[in-house]
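Visitor: A single structure is presented below for examination.
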Amino acid sequence: DQGSQYSSSDWRSFLKANNLVASMSRRGNCHDNAVAESFFQLLKRERIKRKIYTSRQDARSDVFDYIEMFYNPKRRH
């Protein structure tokens with residue numbers, strides 16, 4: 001995403017303060033992010049939209065289990 005919120009000085013300051021590096025797909029190239037978009041679509045459809053989490057920790061644990069115990073062994077990368 002090339003949105004202005006990701007290039008603002010506040011966002012760049014936040015990244016720098018947290019030792020993070022911004023990464024953007026190339027403008028006009030929809031294939032740059034296709035794998036990540038596909039993964040998040042599956043995660044939402046197969047896991048997140050089917051559950052109600054009582055806490056952030058429950059959600060975090062469940063998403064971790066989905067990725068490590070189901071998604072990685074079952075899907076070809």
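How things are named: the first chain in the structure tokens is A, the next is B, and so on; residues count from 1 in each chain; ligands count from 1 in the order shown.
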Hey, what's within 12 Å of region 4-7 of chain A if we count only C-alpha atoms and toss same-chain stuff fewer than 5 positions away? As a ChimeraX atom specification, please?

Guide: /A:12-15,21-25

Visitor: Can you write just those residues out, N, CA and C atoms, as a tab-separated table (two decimals), in the first residue's frame?

Guide:
chain	number	residue	atom	x	y	z
A	12	ARG	N	7.03	7.39	10.21
A	12	ARG	CA	8.47	7.13	10.09
A	12	ARG	C	9.15	7.27	11.45
A	13	SER	N	8.72	8.22	12.26
A	13	SER	CA	9.28	8.38	13.61
A	13	SER	C	8.96	7.17	14.48
A	14	PHE	N	7.73	6.67	14.38
A	14	PHE	CA	7.34	5.47	15.13
A	14	PHE	C	8.21	4.28	14.73
A	15	LEU	N	8.40	4.10	13.44
A	15	LEU	CA	9.24	2.99	12.96
A	15	LEU	C	10.66	3.11	13.49
A	21	VAL	N	11.68	-1.27	9.99
A	21	VAL	CA	11.96	-0.77	8.65
A	21	VAL	C	10.68	-0.89	7.82
A	22	ALA	N	10.31	0.18	7.17
A	22	ALA	CA	9.11	0.16	6.32
A	22	ALA	C	9.41	-0.60	5.04
A	23	SER	N	8.40	-1.28	4.55
A	23	SER	CA	8.51	-2.00	3.29
A	23	SER	C	7.21	-1.81	2.52
A	24	MET	N	7.31	-1.28	1.32
A	24	MET	CA	6.12	-1.05	0.49
A	24	MET	C	6.28	-1.78	-0.83
A	25	SER	N	5.16	-2.26	-1.33
A	25	SER	CA	5.19	-2.85	-2.66
A	25	SER	C	5.40	-1.75	-3.69

Visitor: For the atom pair CA of Asn33 (chain A) and CA of Arg60 (chain A), what is the interatomic distance in Å to one decimal place?

Guide: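 Separation of CA of Asn33 (chain A) and CA of Arg60 (chain A): 23.0 Å.
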
Visitor: Excluding Arg50 (chain A) and its own-chain neighbours fewer than 6 positions away, which residues fall within 12 Å of it when counting only C-alpha atoms? Please give them as a PyMOL selection string.

Guide: chain A and resi 42-44+59+62

Visitor: Take the residues just selected and output them with C-alpha atoms as a PDB file, in the first residue's frame.

Guide:
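Contents of part_7.pdb, as written:
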ATOM      1  CA  LEU A  42      -7.313 -17.554   4.329  1.00  0.00           C
ATOM      2  CA  LEU A  43      -6.521 -16.711   7.956  1.00  0.00           C
ATOM      3  CA  LYS A  44      -9.597 -14.510   8.227  1.00  0.00           C
ATOM      4  CA  ALA A  59      -6.616 -14.536  19.715  1.00  0.00           C
ATOM      5  CA  ASP A  62      -5.165 -19.257  18.339  1.00  0.00           C
TER       6      ASP A  62
END

Visitor: What's around Tyr66 (chain A) at 9 Å? Count only C-alpha atoms, leave out sequence neighbours fewer than 5 positions away in its own chain, and write the answer as a PyMOL selection string.

Guide: chain A and resi 43+47+61+71-72

Visitor: Write out as a PDB file with N, CA and C atoms, in the first residue's frame all residues of chain A that backbone DSSP assigns to alpha helix (DSSP H).

Guide:
ATOM      1  N   SER A   9       5.533  11.638   8.493  1.00  0.00           N
ATOM      2  CA  SER A   9       6.670  11.778   9.414  1.00  0.00           C
ATOM      3  C   SER A   9       6.380  11.109  10.756  1.00  0.00           C
ATOM      4  N   ASP A  10       5.120  11.144  11.210  1.00  0.00           N
ATOM      5  CA  ASP A  10       4.772  10.464  12.468  1.00  0.00           C
ATOM      6  C   ASP A  10       5.021   8.965  12.359  1.00  0.00           C
ATOM      7  N   TRP A  11       4.611   8.380  11.246  1.00  0.00           N
ATOM      8  CA  TRP A  11       4.791   6.937  11.052  1.00  0.00           C
ATOM      9  C   TRP A  11       6.276   6.588  10.958  1.00  0.00           C
ATOM     10  N   ARG A  12       7.029   7.386  10.208  1.00  0.00           N
ATOM     11  CA  ARG A  12       8.466   7.130  10.093  1.00  0.00           C
ATOM     12  C   ARG A  12       9.151   7.271  11.445  1.00  0.00           C
ATOM     13  N   SER A  13       8.718   8.220  12.264  1.00  0.00           N
ATOM     14  CA  SER A  13       9.277   8.379  13.612  1.00  0.00           C
ATOM     15  C   SER A  13       8.962   7.167  14.481  1.00  0.00           C
ATOM     16  N   PHE A  14       7.726   6.665  14.382  1.00  0.00           N
ATOM     17  CA  PHE A  14       7.339   5.468  15.131  1.00  0.00           C
ATOM     18  C   PHE A  14       8.211   4.281  14.730  1.00  0.00           C
ATOM     19  N   LEU A  15       8.404   4.101  13.436  1.00  0.00           N
ATOM     20  CA  LEU A  15       9.237   2.995  12.956  1.00  0.00           C
ATOM     21  C   LEU A  15      10.656   3.107  13.493  1.00  0.00           C
ATOM     22  N   LYS A  16      11.210   4.292  13.395  1.00  0.00           N
ATOM     23  CA  LYS A  16      12.583   4.502  13.855  1.00  0.00           C
ATOM     24  C   LYS A  16      12.701   4.256  15.357  1.00  0.00           C
ATOM     25  N   ALA A  17      11.748   4.738  16.142  1.00  0.00           N
ATOM     26  CA  ALA A  17      11.778   4.569  17.598  1.00  0.00           C
ATOM     27  C   ALA A  17      11.680   3.104  18.006  1.00  0.00           C
ATOM     28  N   ALA A  34       0.896 -10.396  -3.398  1.00  0.00           N
ATOM     29  CA  ALA A  34      -0.133 -11.412  -3.620  1.00  0.00           C
ATOM     30  C   ALA A  34      -0.080 -12.546  -2.601  1.00  0.00           C
ATOM     31  N   VAL A  35       1.097 -13.011  -2.250  1.00  0.00           N
ATOM     32  CA  VAL A  35       1.218 -14.129  -1.307  1.00  0.00           C
ATOM     33  C   VAL A  35       0.718 -13.723   0.074  1.00  0.00           C
ATOM     34  N   ALA A  36       1.112 -12.551   0.534  1.00  0.00           N
ATOM     35  CA  ALA A  36       0.657 -12.081   1.849  1.00  0.00           C
ATOM     36  C   ALA A  36      -0.846 -11.853   1.851  1.00  0.00           C
ATOM     37  N   GLU A  37      -1.376 -11.263   0.793  1.00  0.00           N
ATOM     38  CA  GLU A  37      -2.823 -11.029   0.711  1.00  0.00           C
ATOM     39  C   GLU A  37      -3.586 -12.343   0.742  1.00  0.00           C
ATOM     40  N   SER A  38      -3.091 -13.340   0.030  1.00  0.00           N
ATOM     41  CA  SER A  38      -3.729 -14.654   0.002  1.00  0.00           C
ATOM     42  C   SER A  38      -3.717 -15.289   1.388  1.00  0.00           C
ATOM     43  N   PHE A  39      -2.575 -15.209   2.074  1.00  0.00           N
ATOM     44  CA  PHE A  39      -2.471 -15.779   3.416  1.00  0.00           C
ATOM     45  C   PHE A  39      -3.467 -15.128   4.372  1.00  0.00           C
ATOM     46  N   PHE A  40      -3.523 -13.803   4.391  1.00  0.00           N
ATOM     47  CA  PHE A  40      -4.419 -13.124   5.329  1.00  0.00           C
ATOM     48  C   PHE A  40      -5.884 -13.372   4.996  1.00  0.00           C
ATOM     49  N   GLN A  41      -6.200 -13.529   3.724  1.00  0.00           N
ATOM     50  CA  GLN A  41      -7.570 -13.871   3.340  1.00  0.00           C
ATOM     51  C   GLN A  41      -7.948 -15.239   3.907  1.00  0.00           C
ATOM     52  N   LEU A  42      -7.053 -16.221   3.780  1.00  0.00           N
ATOM     53  CA  LEU A  42      -7.313 -17.554   4.329  1.00  0.00           C
ATOM     54  C   LEU A  42      -7.410 -17.526   5.847  1.00  0.00           C
ATOM     55  N   LEU A  43      -6.505 -16.808   6.496  1.00  0.00           N
ATOM     56  CA  LEU A  43      -6.521 -16.711   7.956  1.00  0.00           C
ATOM     57  C   LEU A  43      -7.853 -16.160   8.445  1.00  0.00           C
ATOM     58  N   LYS A  44      -8.316 -15.105   7.826  1.00  0.00           N
ATOM     59  CA  LYS A  44      -9.597 -14.510   8.227  1.00  0.00           C
ATOM     60  C   LYS A  44     -10.758 -15.460   7.970  1.00  0.00           C
ATOM     61  N   ARG A  45     -10.779 -16.068   6.772  1.00  0.00           N
ATOM     62  CA  ARG A  45     -11.905 -16.928   6.406  1.00  0.00           C
ATOM     63  C   ARG A  45     -11.925 -18.226   7.213  1.00  0.00           C
ATOM     64  N   GLU A  46     -10.766 -18.862   7.384  1.00  0.00           N
ATOM     65  CA  GLU A  46     -10.717 -20.172   8.018  1.00  0.00           C
ATOM     66  C   GLU A  46     -10.657 -20.116   9.535  1.00  0.00           C
ATOM     67  N   ARG A  56      -7.182 -10.663  23.856  1.00  0.00           N
ATOM     68  CA  ARG A  56      -6.154 -10.541  22.819  1.00  0.00           C
ATOM     69  C   ARG A  56      -5.199 -11.729  22.887  1.00  0.00           C
ATOM     70  N   GLN A  57      -4.890 -12.183  24.093  1.00  0.00           N
ATOM     71  CA  GLN A  57      -3.989 -13.330  24.248  1.00  0.00           C
ATOM     72  C   GLN A  57      -4.598 -14.596  23.657  1.00  0.00           C
ATOM     73  N   ASP A  58      -5.902 -14.800  23.847  1.00  0.00           N
ATOM     74  CA  ASP A  58      -6.577 -15.953  23.241  1.00  0.00           C
ATOM     75  C   ASP A  58      -6.482 -15.883  21.718  1.00  0.00           C
ATOM     76  N   ALA A  59      -6.702 -14.711  21.165  1.00  0.00           N
ATOM     77  CA  ALA A  59      -6.616 -14.536  19.715  1.00  0.00           C
ATOM     78  C   ALA A  59      -5.195 -14.796  19.235  1.00  0.00           C
ATOM     79  N   ARG A  60      -4.238 -14.243  19.927  1.00  0.00           N
ATOM     80  CA  ARG A  60      -2.834 -14.413  19.552  1.00  0.00           C
ATOM     81  C   ARG A  60      -2.435 -15.892  19.571  1.00  0.00           C
ATOM     82  N   SER A  61      -2.827 -16.585  20.625  1.00  0.00           N
ATOM     83  CA  SER A  61      -2.512 -18.007  20.758  1.00  0.00           C
ATOM     84  C   SER A  61      -3.180 -18.830  19.656  1.00  0.00           C
ATOM     85  N   ASP A  62      -4.433 -18.523  19.364  1.00  0.00           N
ATOM     86  CA  ASP A  62      -5.165 -19.257  18.339  1.00  0.00           C
ATOM     87  C   ASP A  62      -4.577 -19.020  16.948  1.00  0.00           C
ATOM     88  N   VAL A  63      -4.224 -17.791  16.649  1.00  0.00           N
ATOM     89  CA  VAL A  63      -3.621 -17.487  15.349  1.00  0.00           C
ATOM     90  C   VAL A  63      -2.262 -18.175  15.232  1.00  0.00           C
ATOM     91  N   PHE A  64      -1.488 -18.175  16.298  1.00  0.00           N
ATOM     92  CA  PHE A  64      -0.202 -18.879  16.298  1.00  0.00           C
ATOM     93  C   PHE A  64      -0.415 -20.359  16.007  1.00  0.00           C
ATOM     94  N   ASP A  65      -1.372 -20.980  16.702  1.00  0.00           N
ATOM     95  CA  ASP A  65      -1.664 -22.398  16.474  1.00  0.00           C
ATOM     96  C   ASP A  65      -2.078 -22.651  15.031  1.00  0.00           C
ATOM     97  N   ASN A  72       1.188 -24.008   8.029  1.00  0.00           N
ATOM     98  CA  ASN A  72       2.525 -24.346   7.538  1.00  0.00           C
ATOM     99  C   ASN A  72       2.657 -25.800   7.082  1.00  0.00           C
ATOM    100  N   PRO A  73       2.203 -26.797   7.873  1.00  0.00           N
ATOM    101  CA  PRO A  73       2.367 -28.185   7.418  1.00  0.00           C
ATOM    102  C   PRO A  73       1.455 -28.563   6.245  1.00  0.00           C
ATOM    103  N   LYS A  74       0.312 -27.901   6.109  1.00  0.00           N
ATOM    104  CA  LYS A  74      -0.673 -28.307   5.107  1.00  0.00           C
ATOM    105  C   LYS A  74      -0.541 -27.583   3.773  1.00  0.00           C
TER     106      LYS A  74
END

Visitor: CA of Lys51 (chain A) and CA of Glu68 (chain A), how far apart in Å?

Guide: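 Atom-to-atom, CA of Glu68 (chain A) and CA of Lys51 (chain A) are spaced 18.0 Å apart.
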